[in-house]
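Source file: target19.txt; contents: compact mmCIF, C-alpha atoms.
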# COMPACT_ATOMS: atom_id res chain seq x y z
CA MET A 439 159.25 -209.70 42.13
CA ASN A 440 156.70 -207.12 43.31
CA THR A 441 158.81 -204.04 42.59
CA ASN A 442 157.97 -200.44 41.71
CA GLU A 443 158.66 -200.97 38.04
CA PHE A 444 156.63 -204.17 37.65
CA ARG A 445 153.73 -202.80 39.67
CA TYR A 446 153.74 -199.96 37.15
CA LEU A 447 153.75 -202.41 34.21
CA LYS A 448 150.80 -204.28 35.73
CA GLU A 449 148.84 -201.05 36.21
CA LEU A 450 149.67 -199.88 32.67
CA ILE A 451 148.41 -203.10 31.06
CA GLU A 452 145.23 -202.96 33.17
CA TYR A 453 144.75 -199.31 32.19
CA ARG A 454 145.15 -200.05 28.47
CA LEU A 455 142.73 -202.98 28.61
CA ASP A 456 140.19 -200.96 30.62
CA THR A 457 140.25 -198.03 28.22
CA PHE A 458 140.14 -200.30 25.16
CA PHE A 459 136.98 -202.12 26.23
CA ASN A 460 135.40 -199.12 27.89
CA LYS A 461 135.99 -195.88 26.01
CA GLU A 462 134.32 -193.93 28.83
CA SER A 463 136.50 -195.44 31.55
CA ASN A 464 137.68 -193.07 34.30
CA SER A 465 140.94 -194.98 34.74
CA VAL A 466 144.02 -192.80 35.12
CA GLU A 467 147.19 -193.75 33.27
CA PRO A 468 149.90 -194.65 35.82
CA GLU A 469 153.20 -192.77 35.99
CA LEU A 470 156.46 -194.59 35.25
CA PRO A 471 158.91 -194.51 38.20
CA GLU A 472 162.35 -193.00 37.53
CA PHE A 473 165.29 -195.36 36.95
CA ASP A 474 166.80 -194.52 40.34
CA THR A 475 163.73 -195.96 42.11
CA TRP A 476 163.78 -199.24 40.20
CA GLU A 477 164.80 -202.30 42.17
CA LEU A 478 166.37 -203.86 39.10
CA SER A 479 170.12 -203.32 38.68
CA VAL A 480 170.01 -200.78 35.87
CA PRO A 481 173.42 -200.50 34.11
CA GLU A 482 174.97 -197.05 34.07
CA PHE A 483 175.01 -196.84 30.28
CA PHE A 484 171.22 -197.38 30.22
CA ILE A 485 170.89 -194.26 32.35
CA GLU A 486 173.37 -192.32 30.21
CA GLU A 487 171.35 -193.21 27.09
CA GLU A 488 168.36 -191.28 28.53
CA LEU A 489 165.79 -193.78 27.29
CA SER A 490 162.30 -192.51 26.60
CA ILE A 491 159.29 -193.65 28.63
CA ALA A 492 158.20 -195.88 25.72
CA GLU A 493 161.65 -197.50 25.52
CA LYS A 494 161.64 -198.19 29.26
CA ILE A 495 158.21 -199.79 28.97
CA VAL A 496 159.39 -202.07 26.15
CA LEU A 497 162.36 -203.00 28.34
CA LEU A 498 160.06 -203.97 31.23
CA LEU A 499 157.62 -205.77 28.96
CA ALA A 500 160.35 -207.91 27.39
CA LEU A 501 161.98 -208.61 30.76
CA SER A 502 158.80 -209.52 32.66
CA PRO A 503 158.54 -213.23 31.63
CA HIS A 504 162.12 -213.79 32.80
CA VAL A 505 161.79 -212.28 36.28
CA HIS A 506 158.03 -212.33 36.98
CA SER A 507 156.83 -215.32 34.97
CA ASN A 508 153.10 -215.19 35.76
CA LEU A 509 152.64 -211.41 35.75
CA LEU A 510 151.30 -211.05 32.21
CA ASP A 511 149.14 -214.19 32.36
CA THR A 512 147.55 -213.12 35.65
CA ILE A 513 146.54 -209.72 34.27
CA ILE A 514 145.34 -210.99 30.92
CA GLN A 515 143.29 -213.89 32.30
CA LYS A 516 141.63 -211.60 34.81
CA LYS A 517 140.80 -208.87 32.31
CA LEU A 518 139.90 -211.03 29.33
CA SER A 519 137.97 -213.82 31.07
CA SER A 520 134.72 -212.56 29.61
CA THR A 521 135.91 -211.25 26.26
CA GLY A 522 137.49 -214.35 24.71
CA ASP A 523 140.46 -214.18 22.39
CA PHE A 524 142.02 -210.76 21.88
CA PRO A 525 144.46 -210.80 18.92
CA GLN A 526 145.29 -207.08 19.23
CA LEU A 527 147.27 -207.92 22.37
CA GLY A 528 149.60 -210.23 20.45
CA GLY A 529 151.69 -212.66 22.46
CA VAL A 530 152.70 -216.30 21.95
CA ARG A 531 153.37 -219.38 24.07
CA GLY A 532 156.85 -220.86 24.25
CA LYS A 533 157.92 -224.47 23.72
CA ASN A 534 158.93 -225.06 27.35
CA PHE A 535 157.65 -221.88 28.98
CA ARG A 536 153.87 -222.03 28.69
CA GLY A 537 153.23 -218.53 29.94
CA PHE A 538 152.49 -215.42 27.88
CA LEU A 539 155.47 -214.17 25.86
CA PRO A 540 155.02 -210.63 24.51
CA THR A 541 155.43 -209.93 20.79
CA GLY A 542 155.94 -206.73 18.86
CA GLU A 543 152.16 -206.48 18.63
CA THR A 544 151.96 -206.47 22.44
CA ALA A 545 154.26 -203.45 22.55
CA LEU A 546 152.22 -201.70 19.86
CA PHE A 547 148.96 -202.28 21.75
CA LEU A 548 150.37 -200.94 25.02
CA LEU A 549 152.14 -197.91 23.59
CA ALA A 550 150.49 -196.92 20.34
CA GLY A 551 147.02 -198.38 19.96
CA ASP A 552 145.71 -197.35 16.54
CA ASN A 553 147.92 -194.25 16.28
CA LEU A 554 149.89 -194.81 13.07
CA GLU A 555 152.70 -192.36 13.90
CA LYS A 556 153.25 -193.90 17.34
CA ARG A 557 153.20 -197.38 15.83
CA LYS A 558 156.02 -196.36 13.47
CA GLU A 559 157.99 -194.98 16.42
CA ILE A 560 157.62 -198.21 18.42
CA GLN A 561 158.64 -200.36 15.45
CA GLU A 562 161.90 -198.41 15.29
CA PHE A 563 162.82 -199.84 18.71
CA PHE A 564 163.33 -203.24 17.07
CA ASN A 565 165.61 -202.09 14.26
CA PRO A 566 169.29 -203.16 14.34
CA ASP A 567 170.56 -199.57 14.56
CA HIS A 568 168.47 -198.75 17.64
CA PHE A 569 170.16 -198.74 21.07
CA PHE A 570 168.51 -202.09 21.88
CA GLY A 571 169.77 -203.66 18.66
CA GLN A 572 173.25 -202.17 18.70
CA HIS A 573 173.91 -203.71 22.12
CA ARG A 574 171.89 -206.88 21.43
CA ILE A 575 169.68 -206.16 24.45
CA LEU A 576 166.39 -207.16 22.87
CA TRP A 577 165.09 -207.83 19.39
CA LEU A 578 162.20 -209.41 17.50
CA GLU A 579 162.36 -213.07 16.62
CA GLU A 580 161.82 -213.50 12.90
CA ALA A 581 158.15 -214.17 12.21
CA PRO A 582 157.07 -217.10 9.99
CA GLU A 583 157.19 -216.29 6.30
CA GLY A 584 154.22 -214.26 5.17
CA GLU A 585 153.25 -213.12 8.68
CA PRO A 586 153.62 -209.53 9.99
CA ARG A 587 157.06 -208.67 11.36
CA MET A 588 155.62 -207.40 14.65
CA SER A 589 154.03 -210.78 15.34
CA GLY A 590 157.50 -212.06 16.22
CA LYS A 591 158.12 -212.53 19.94
CA ILE A 592 160.40 -210.11 21.77
CA VAL A 593 163.65 -211.85 22.65
CA PHE A 594 165.59 -210.52 25.63
CA SER A 595 169.32 -211.28 25.84
CA GLN A 596 170.01 -213.73 28.66
CA GLU A 597 173.13 -211.77 29.60
CA TYR A 598 171.08 -208.61 30.12
CA VAL A 599 168.43 -210.56 32.05
CA GLU A 600 171.18 -211.56 34.49
CA LEU A 601 172.66 -208.06 34.53
CA LEU A 602 169.32 -206.39 35.34
CA ALA A 603 167.96 -209.05 37.70
CA LEU A 604 171.16 -210.10 39.49
CA GLY A 605 173.53 -207.19 38.92
CA LYS A 606 176.15 -209.39 37.26
CA VAL A 607 176.60 -211.66 34.27
CA SER A 608 177.77 -215.25 34.55
CA LYS A 609 180.68 -216.25 32.36
CA PRO A 610 179.49 -217.48 28.96
CA ALA A 611 180.14 -221.16 28.30
CA PHE A 612 181.81 -222.40 25.14
CA SER A 613 179.17 -223.20 22.53
CA MET A 614 178.24 -222.71 18.89
CA LYS A 615 176.79 -219.32 19.88
CA PHE A 616 179.90 -218.39 21.85
CA PRO A 617 182.91 -220.07 20.22
CA ALA A 618 185.49 -218.80 22.67
CA GLN A 619 187.31 -220.20 25.68
CA ILE A 620 189.04 -218.52 28.60
CA ILE A 621 192.82 -218.83 28.46
CA GLU A 622 194.85 -218.59 31.66
CA THR A 623 198.46 -218.96 32.70
CA GLU A 624 200.43 -219.76 35.84
CA MET A 625 203.34 -217.69 34.56
CA LYS A 626 204.26 -214.17 35.65
CA TRP A 627 205.46 -211.05 33.86
CA ASP A 628 209.03 -211.97 34.81
CA ASP A 629 208.67 -215.21 32.83
CA LEU A 630 207.95 -213.26 29.64
CA VAL A 631 211.24 -212.47 27.87
CA LEU A 632 210.74 -209.72 25.29
CA SER A 633 212.61 -206.74 23.90
CA ASP A 634 212.43 -203.47 25.85
CA GLU A 635 210.36 -201.83 23.10
CA THR A 636 207.79 -204.63 23.08
CA HIS A 637 207.62 -204.59 26.88
CA GLN A 638 206.97 -200.85 26.86
CA GLN A 639 204.09 -201.16 24.40
CA ILE A 640 202.51 -203.94 26.44
CA GLN A 641 202.67 -201.73 29.54
CA GLU A 642 200.72 -199.11 27.58
CA LEU A 643 198.02 -201.73 26.93
CA GLN A 644 197.87 -202.58 30.63
CA THR A 645 197.53 -198.87 31.44
CA TRP A 646 194.56 -198.56 29.09
CA ILE A 647 192.80 -201.57 30.63
CA THR A 648 193.31 -200.09 34.09
CA HIS A 649 192.53 -196.44 33.34
CA GLY A 650 190.54 -196.47 30.09
CA ASN A 651 187.20 -195.78 31.77
CA THR A 652 188.71 -192.86 33.67
CA LEU A 653 189.99 -191.36 30.42
CA LEU A 654 186.68 -191.77 28.59
CA ASN A 655 184.19 -190.97 31.33
CA ASP A 656 185.83 -188.98 34.15
CA TRP A 657 187.96 -186.94 31.74
CA GLY A 658 185.11 -186.60 29.22
CA MET A 659 186.98 -188.03 26.23
CA TYR A 660 184.09 -190.32 25.22
CA LYS A 661 182.99 -187.58 22.80
CA LYS A 662 186.35 -187.57 21.02
CA LEU A 663 187.57 -191.16 21.24
CA LYS A 664 185.96 -194.39 20.10
CA PRO A 665 185.14 -196.91 22.83
CA GLY A 666 187.48 -199.81 23.41
CA TYR A 667 191.03 -200.46 22.34
CA ARG A 668 192.37 -202.48 19.42
CA ALA A 669 195.87 -203.98 19.28
CA LEU A 670 197.70 -206.07 16.69
CA PHE A 671 200.31 -208.57 17.87
CA HIS A 672 202.44 -209.72 14.95
CA GLY A 673 205.51 -211.88 14.75
CA PRO A 674 206.65 -215.49 14.25
CA PRO A 675 204.88 -218.34 16.09
CA GLY A 676 206.01 -219.01 19.64
CA THR A 677 207.23 -215.51 20.43
CA GLY A 678 204.81 -214.81 23.31
CA LYS A 679 201.68 -213.35 21.72
CA THR A 680 199.18 -215.68 23.43
CA LEU A 681 201.10 -215.62 26.73
CA THR A 682 201.08 -211.82 26.69
CA ALA A 683 197.30 -211.76 26.22
CA SER A 684 196.89 -214.21 29.13
CA LEU A 685 199.13 -212.12 31.40
CA LEU A 686 197.25 -208.91 30.56
CA GLY A 687 194.06 -210.57 31.74
CA LYS A 688 195.69 -212.07 34.82
CA TYR A 689 197.10 -208.76 36.06
CA THR A 690 194.06 -206.61 35.27
CA GLY A 691 191.33 -208.94 36.55
CA LYS A 692 189.86 -209.51 33.07
CA ASP A 693 188.96 -212.82 31.47
CA VAL A 694 190.72 -213.43 28.17
CA TYR A 695 188.61 -215.22 25.58
CA LYS A 696 190.47 -216.92 22.75
CA ILE A 697 188.16 -217.06 19.75
CA ASP A 698 187.80 -220.31 17.81
CA LEU A 699 187.80 -218.86 14.31
CA SER A 700 186.82 -222.18 12.74
CA MET A 701 183.41 -221.74 14.37
CA VAL A 702 183.08 -218.07 13.44
CA VAL A 703 184.04 -218.08 9.77
CA SER A 704 181.34 -219.59 7.55
CA LYS A 705 181.11 -220.17 3.81
CA PHE A 706 177.46 -219.22 3.91
CA ILE A 707 176.57 -215.61 3.11
CA GLY A 708 175.74 -213.61 6.23
CA GLU A 709 176.66 -216.33 8.72
CA THR A 710 180.13 -214.99 9.61
CA GLU A 711 178.68 -211.58 10.50
CA LYS A 712 175.90 -213.16 12.53
CA ASN A 713 178.36 -215.40 14.41
CA LEU A 714 180.65 -212.48 15.21
CA ALA A 715 177.72 -210.28 16.28
CA ASN A 716 176.49 -212.98 18.69
CA LEU A 717 179.98 -213.47 20.09
CA LEU A 718 180.62 -209.76 20.67
CA ALA A 719 177.15 -209.24 22.14
CA LYS A 720 177.87 -211.85 24.79
CA ALA A 721 181.42 -210.65 25.44
CA GLU A 722 180.79 -206.93 25.71
CA LYS A 723 178.55 -207.17 28.79
CA THR A 724 181.71 -207.47 30.89
CA GLU A 725 184.17 -205.81 28.48
CA ASN A 726 186.62 -208.68 28.78
CA ILE A 727 189.61 -209.18 26.48
CA LEU A 728 189.01 -210.86 23.12
CA PHE A 729 191.98 -212.61 21.53
CA PHE A 730 191.78 -213.55 17.85
CA ASP A 731 194.72 -215.86 17.13
CA GLU A 732 195.74 -216.33 13.48
CA ALA A 733 193.38 -213.45 12.75
CA ASP A 734 194.23 -213.43 9.04
CA ALA A 735 191.34 -215.86 8.49
CA LEU A 736 188.82 -213.28 9.63
CA PHE A 737 190.48 -209.91 9.08
CA GLY A 738 192.57 -210.58 5.99
CA LYS A 739 193.08 -208.24 3.06
CA ARG A 740 190.20 -207.37 0.79
CA THR A 741 190.55 -208.55 -2.79
CA ASN A 742 189.98 -206.96 -6.17
CA VAL A 743 186.36 -207.50 -7.14
CA ARG A 744 186.15 -210.09 -9.90
CA ASP A 745 182.74 -211.57 -9.14
CA ALA A 746 179.80 -211.38 -6.72
CA HIS A 747 181.61 -213.59 -4.22
CA ASP A 748 184.56 -211.18 -4.02
CA LYS A 749 182.18 -208.26 -3.59
CA TYR A 750 180.42 -210.00 -0.72
CA ALA A 751 183.71 -211.02 0.92
CA ASN A 752 184.80 -207.37 0.90
CA GLN A 753 181.49 -206.30 2.44
CA GLU A 754 182.04 -208.93 5.12
CA VAL A 755 185.46 -207.51 6.03
CA SER A 756 183.95 -204.00 6.17
CA TYR A 757 181.27 -205.22 8.57
CA LEU A 758 183.84 -206.93 10.79
CA LEU A 759 185.87 -203.72 10.90
CA GLN A 760 182.85 -201.71 12.01
CA ARG A 761 181.76 -204.27 14.61
CA ILE A 762 185.19 -204.65 16.19
CA GLU A 763 185.58 -200.87 16.30
CA ASN A 764 182.45 -200.55 18.47
CA TYR A 765 183.54 -203.16 21.04
CA LYS A 766 184.13 -201.44 24.38
CA GLY A 767 186.83 -203.73 25.69
CA LEU A 768 190.29 -204.71 24.47
CA VAL A 769 190.46 -206.64 21.19
CA ILE A 770 193.78 -208.29 20.32
CA LEU A 771 194.40 -209.64 16.84
CA ALA A 772 197.40 -211.92 16.47
CA SER A 773 199.05 -212.71 13.15
CA ASN A 774 202.36 -214.12 12.01
CA PHE A 775 202.62 -211.34 9.44
CA LYS A 776 201.39 -207.77 9.75
CA SER A 777 201.12 -207.56 5.96
CA ASN A 778 198.34 -210.17 5.98
CA ILE A 779 195.92 -207.87 7.84
CA ASP A 780 193.68 -205.57 5.83
CA GLU A 781 194.98 -201.98 5.84
CA ALA A 782 191.61 -200.65 6.98
CA PHE A 783 192.07 -202.59 10.22
CA VAL A 784 195.72 -201.58 10.60
CA ARG A 785 194.80 -197.87 10.46
CA ARG A 786 192.39 -198.31 13.34
CA PHE A 787 194.72 -200.13 15.76
CA GLN A 788 195.83 -198.03 18.70
CA SER A 789 198.80 -200.36 19.15
CA ILE A 790 200.76 -202.45 16.68
CA ILE A 791 203.21 -204.56 18.65
CA HIS A 792 205.95 -206.61 17.04
CA PHE A 793 207.00 -209.87 18.69
CA PRO A 794 210.33 -210.67 17.00
CA LEU A 795 212.32 -213.82 17.51
CA PRO A 796 214.41 -213.38 20.67
CA LYS A 797 217.95 -212.08 20.32
CA VAL A 798 220.95 -214.06 21.62
CA SER A 799 220.84 -212.41 25.07
CA GLU A 800 217.10 -213.04 25.33
CA ARG A 801 217.45 -216.66 24.21
CA LEU A 802 220.06 -217.23 26.89
CA ILE A 803 217.64 -215.98 29.57
CA LEU A 804 214.93 -218.26 28.17
CA TRP A 805 217.28 -221.27 28.28
CA LYS A 806 218.39 -220.53 31.85
CA ASN A 807 214.80 -220.11 33.08
CA ALA A 808 213.39 -223.09 31.23
CA PHE A 809 214.82 -226.10 33.10
CA PRO A 810 213.14 -227.44 36.27
CA SER A 811 214.94 -226.93 39.55
CA LYS A 812 214.96 -230.67 40.32
CA VAL A 813 217.41 -231.48 37.51
CA ARG A 814 220.96 -230.39 36.91
CA LEU A 815 222.76 -229.66 33.66
CA HIS A 816 225.79 -231.79 32.87
CA GLN A 817 229.08 -229.92 32.72
CA ASP A 818 229.19 -230.41 28.95
CA VAL A 819 226.06 -228.25 28.49
CA ASP A 820 226.99 -224.79 27.19
CA LEU A 821 223.76 -222.74 27.15
CA GLY A 822 225.63 -219.64 25.96
CA LEU A 823 226.87 -221.44 22.86
CA ILE A 824 223.44 -223.00 22.21
CA ALA A 825 221.71 -219.61 22.52
CA GLN A 826 224.20 -218.05 20.10
CA ARG A 827 224.14 -220.84 17.52
CA TYR A 828 220.44 -221.69 17.25
CA GLU A 829 217.80 -219.07 16.44
CA LEU A 830 214.71 -220.34 18.24
CA SER A 831 211.47 -218.92 19.61
CA GLY A 832 210.52 -219.18 23.25
CA ALA A 833 207.94 -221.87 22.48
CA GLU A 834 210.53 -223.91 20.55
CA ILE A 835 212.97 -223.66 23.44
CA MET A 836 210.30 -224.99 25.80
CA ASN A 837 209.59 -227.89 23.43
CA ILE A 838 213.28 -228.78 23.44
CA VAL A 839 213.48 -228.57 27.25
CA GLN A 840 210.43 -230.83 27.54
CA TYR A 841 212.06 -233.37 25.20
CA ALA A 842 215.34 -233.26 27.16
CA CYS A 843 213.51 -233.73 30.46
CA LEU A 844 211.60 -236.73 29.11
CA CYS A 845 214.88 -238.28 27.90
CA THR A 846 216.30 -237.77 31.40
CA LEU A 847 213.27 -239.37 33.04
CA GLN A 848 213.41 -242.31 30.63
CA ALA A 849 217.05 -242.84 31.57
CA GLY A 850 216.12 -242.79 35.26
CA LYS A 851 218.47 -239.91 35.98
CA LYS A 852 218.30 -236.26 37.05
CA THR A 853 221.05 -234.97 34.79
CA ILE A 854 220.42 -233.36 31.40
CA TYR A 855 223.11 -233.91 28.80
CA GLN A 856 224.10 -231.75 25.85
CA SER A 857 223.09 -234.54 23.45
CA TYR A 858 219.49 -234.42 24.72
CA ILE A 859 219.31 -230.69 23.98
CA ILE A 860 220.94 -231.04 20.55
CA ASN A 861 218.62 -233.91 19.57
CA GLY A 862 215.61 -231.86 20.71
CA THR A 863 216.83 -228.88 18.72
CA GLN A 864 217.22 -231.09 15.64
CA ARG A 865 213.58 -232.17 16.01
CA GLU A 866 212.38 -228.56 16.20
CA PHE A 867 214.32 -227.59 13.10
CA GLN A 868 212.86 -230.55 11.21
CA LYS A 869 209.32 -229.60 12.26
CA GLY A 870 209.81 -226.17 10.73
CA GLY A 871 211.47 -227.51 7.59
CA ARG A 872 214.78 -225.87 8.49
CA VAL A 873 218.30 -227.19 8.17
CA MET A 874 220.30 -227.33 11.40
CA ARG A 875 223.90 -226.19 11.12
Take the structure in the file and give it back as structure tokens.
Amino acid sequence: MNTNEFRYLKELIEYRLDTFFNKESNSVEPELPEFDTWELSVPEFFIEEELSIAEKIVLLLALSPHVHSNLLDTIIQKKLSSTGDFPQLGGVRGKNFRGFLPTGETALFLLAGDNLEKRKEIQEFFNPDHFFGQHRILWLEEAPEGEPRMSGKIVFSQEYVELLALGKVSKPAFSMKFPAQIIETEMKWDDLVLSDETHQQIQELQTWITHGNTLLNDWGMYKKLKPGYRALFHGPPGTGKTLTASLLGKYTGKDVYKIDLSMVVSKFIGETEKNLANLLAKAEKTENILFFDEADALFGKRTNVRDAHDKYANQEVSYLLQRIENYKGLVILASNFKSNIDEAFVRRFQSIIHFPLPKVSERLILWKNAFPSKVRLHQDVDLGLIAQRYELSGAEIMNIVQYACLCTLQAGKKTIYQSYIINGTQREFQKGGRVMR
């Protein structure tokens, strides 16, 4: 990749090596090309951040092994062939990649030399609160115990490698580092039976997904509003919370990632925060929708402090609150009970949407839409009476319909009888520990 920006990096390294070994060198320091002349696909928010020259150089240095694997080795071997080892340059070799991998010391050599003030400035680039750290673009790998922090290699996020080199990010695969899976549906908005109030609030969510960037950027509200959007879906199981999240993604062109909380929450101190930070860092490159089902496990109420464990647990919730609040996409937390969610989260939701059990009229629509077209209902089936008598969620109704259809198939017929539906209803009531009247 012989581009403007990497030609510059090559010339800069050569210049620094020349002037280090020959204090009277006449070499002229090269000039960094502007972002708009780079052949890499520079994201818009990089440009908006107005990175300094030093920050852009660190960006190129960290990226170079990923897109121009032999660039650093070629320069170093040519310049240092007669000088032997040169520890001031830093750098390490990888386990599989045997080329030169820059470390924090490499960045210090290129940008600061022996200037103590400049060295302090460059070290700030690798702090968690720097732009690079906040967006998990690049960071320093932890050095072995007892060794200088800046001897750690510079790690560049694979998602940002793809974004800069290819202009897009591939969908993250389910793994320990990304415990989330895409959820999809073949259903349509018309298949979702909800109250008018709930429908209206969901339309507001869809409007934000579609026009949120216009509001923040084109209308200049990014100074007044926090990025992203946070919504709480609360209500009994089976009332459409997960389906709604799937439909929002389907009709706005966003992937919806359902988070596996069992892989995020850890009993070990600091691990939950790290897991969530890794997950959000991967997700926010494309600002897709994150769906935390049964979110009480992660965002539950803080407790009264009785011991060090309680104190840490409360700090953990505070961290999660801050991290979710900085996510630029839509975050949906789903819970059976609104009261289970910590009040600090509730105050920061732009939408709190209740998914109640369907009313009689809504249950009747669900029953009528649920049966396949290839079967018929026996004349003894009274869906109106069933909808009125039995308070069921949409998911429970679908379970009953599935049971009735299987009974019909087992009987070798295409007619569904009232008894099949009643027996299926009895099973659902028993599953929930309820008494059927």
Note to self: Let me make sure I understand: among A:Val819, A:Leu604, A:Leu685, A:Cys845, which one has the smallest atom-to-atom distance to Asp629 of chain A if we use all atoms listed in the file?
What the structure shows: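 The answer is A:Leu685, which sits nearest to Asp629 of chain A.
Taking atom CA of Thr541 of chain A and atom CA of Val593 of chain A as the two end points, the separation is 8.6 Å.
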Next item on the list: Mind checking which residues fall within 12 Å of segment 640-649 of chain A, counting all atoms listed in the file, ignoring those fewer than 5 positions away in the same chain, and posting them as a PyMOL selection string?
Entry: chain A and resi 627+630+632-635+654-657+665-671+678-679+681-693+725-727+766-770+787-793
For the point (153.7, -200.7, 16.6) in the file's frame, write as a PDB file with C-alpha atoms, in the frame of the given file all residues with an atom no more than 6 Å away, counting only C-alpha atoms.
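Okay, this is what ended up in out-v4.pdb:
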ATOM      1  CA  LEU A 546     152.220-201.700  19.860  1.00  0.00           C
ATOM      2  CA  ARG A 557     153.200-197.380  15.830  1.00  0.00           C
ATOM      3  CA  LYS A 558     156.020-196.360  13.470  1.00  0.00           C
ATOM      4  CA  ILE A 560     157.620-198.210  18.420  1.00  0.00           C
ATOM      5  CA  GLN A 561     158.640-200.360  15.450  1.00  0.00           C
TER       6      GLN A 561
END
Item checked: Atom pair atom CA of Phe730 of chain A / atom CA of His637 of chain A: separation (Å) -> 20.3 Å
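Atom CA of Val530 of chain A to atom CA of Asn716 of chain A spans 24.2 Å [interatomic distance, one decimal].
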Next item on the list: Would you mind listing what lies within 10 Å of segment 564-568 of chain A as an NGL selection string, with all atoms listed in the file counted and same-chain residues fewer than 4 positions away left out?
Entry: :A and (496 or 542 or 559-560 or 572-574 or 576-579 or 588 or 592)
Next item on the list: Please provide as a PyMOL selection string all residues within 12 Å of Glu482 of chain A, with the sequence filter that same-chain residues fewer than 3 positions apart are discarded (counting all atoms listed in the file).
Entry: chain A and resi 473-474+479+485-489+601-602+605+655+723
Using only C-alpha atoms, please write the residues we just selected to a file, as a compact mmCIF listing (two decimals), keeping the file's coordinate frame.
# COMPACT_ATOMS: atom_id res chain seq x y z
CA PHE A 473 165.29 -195.36 36.95
CA ASP A 474 166.80 -194.52 40.34
CA SER A 479 170.12 -203.32 38.68
CA ILE A 485 170.89 -194.26 32.35
CA GLU A 486 173.37 -192.32 30.21
CA GLU A 487 171.35 -193.21 27.09
CA GLU A 488 168.36 -191.28 28.53
CA LEU A 489 165.79 -193.78 27.29
CA LEU A 601 172.66 -208.06 34.53
CA LEU A 602 169.32 -206.39 35.34
CA GLY A 605 173.53 -207.19 38.92
CA ASN A 655 184.19 -190.97 31.33
CA LYS A 723 178.55 -207.17 28.79
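For the set A:Lys448, A:His816, A:Lys797, A:Arg865, the residue with the smallest atom-to-atom gap to Val631 of chain A is A:Lys797, counting only C-alpha atoms.
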Next item on the list: Show which residues sit within 9 Å of segment 848-864 of chain A, as a PyMOL selection string. Count only C-alpha atoms, and ignore same-chain residues fewer than 6 positions away.
Entry: chain A and resi 812-820+824+828+830+834-835+837-842+873-874
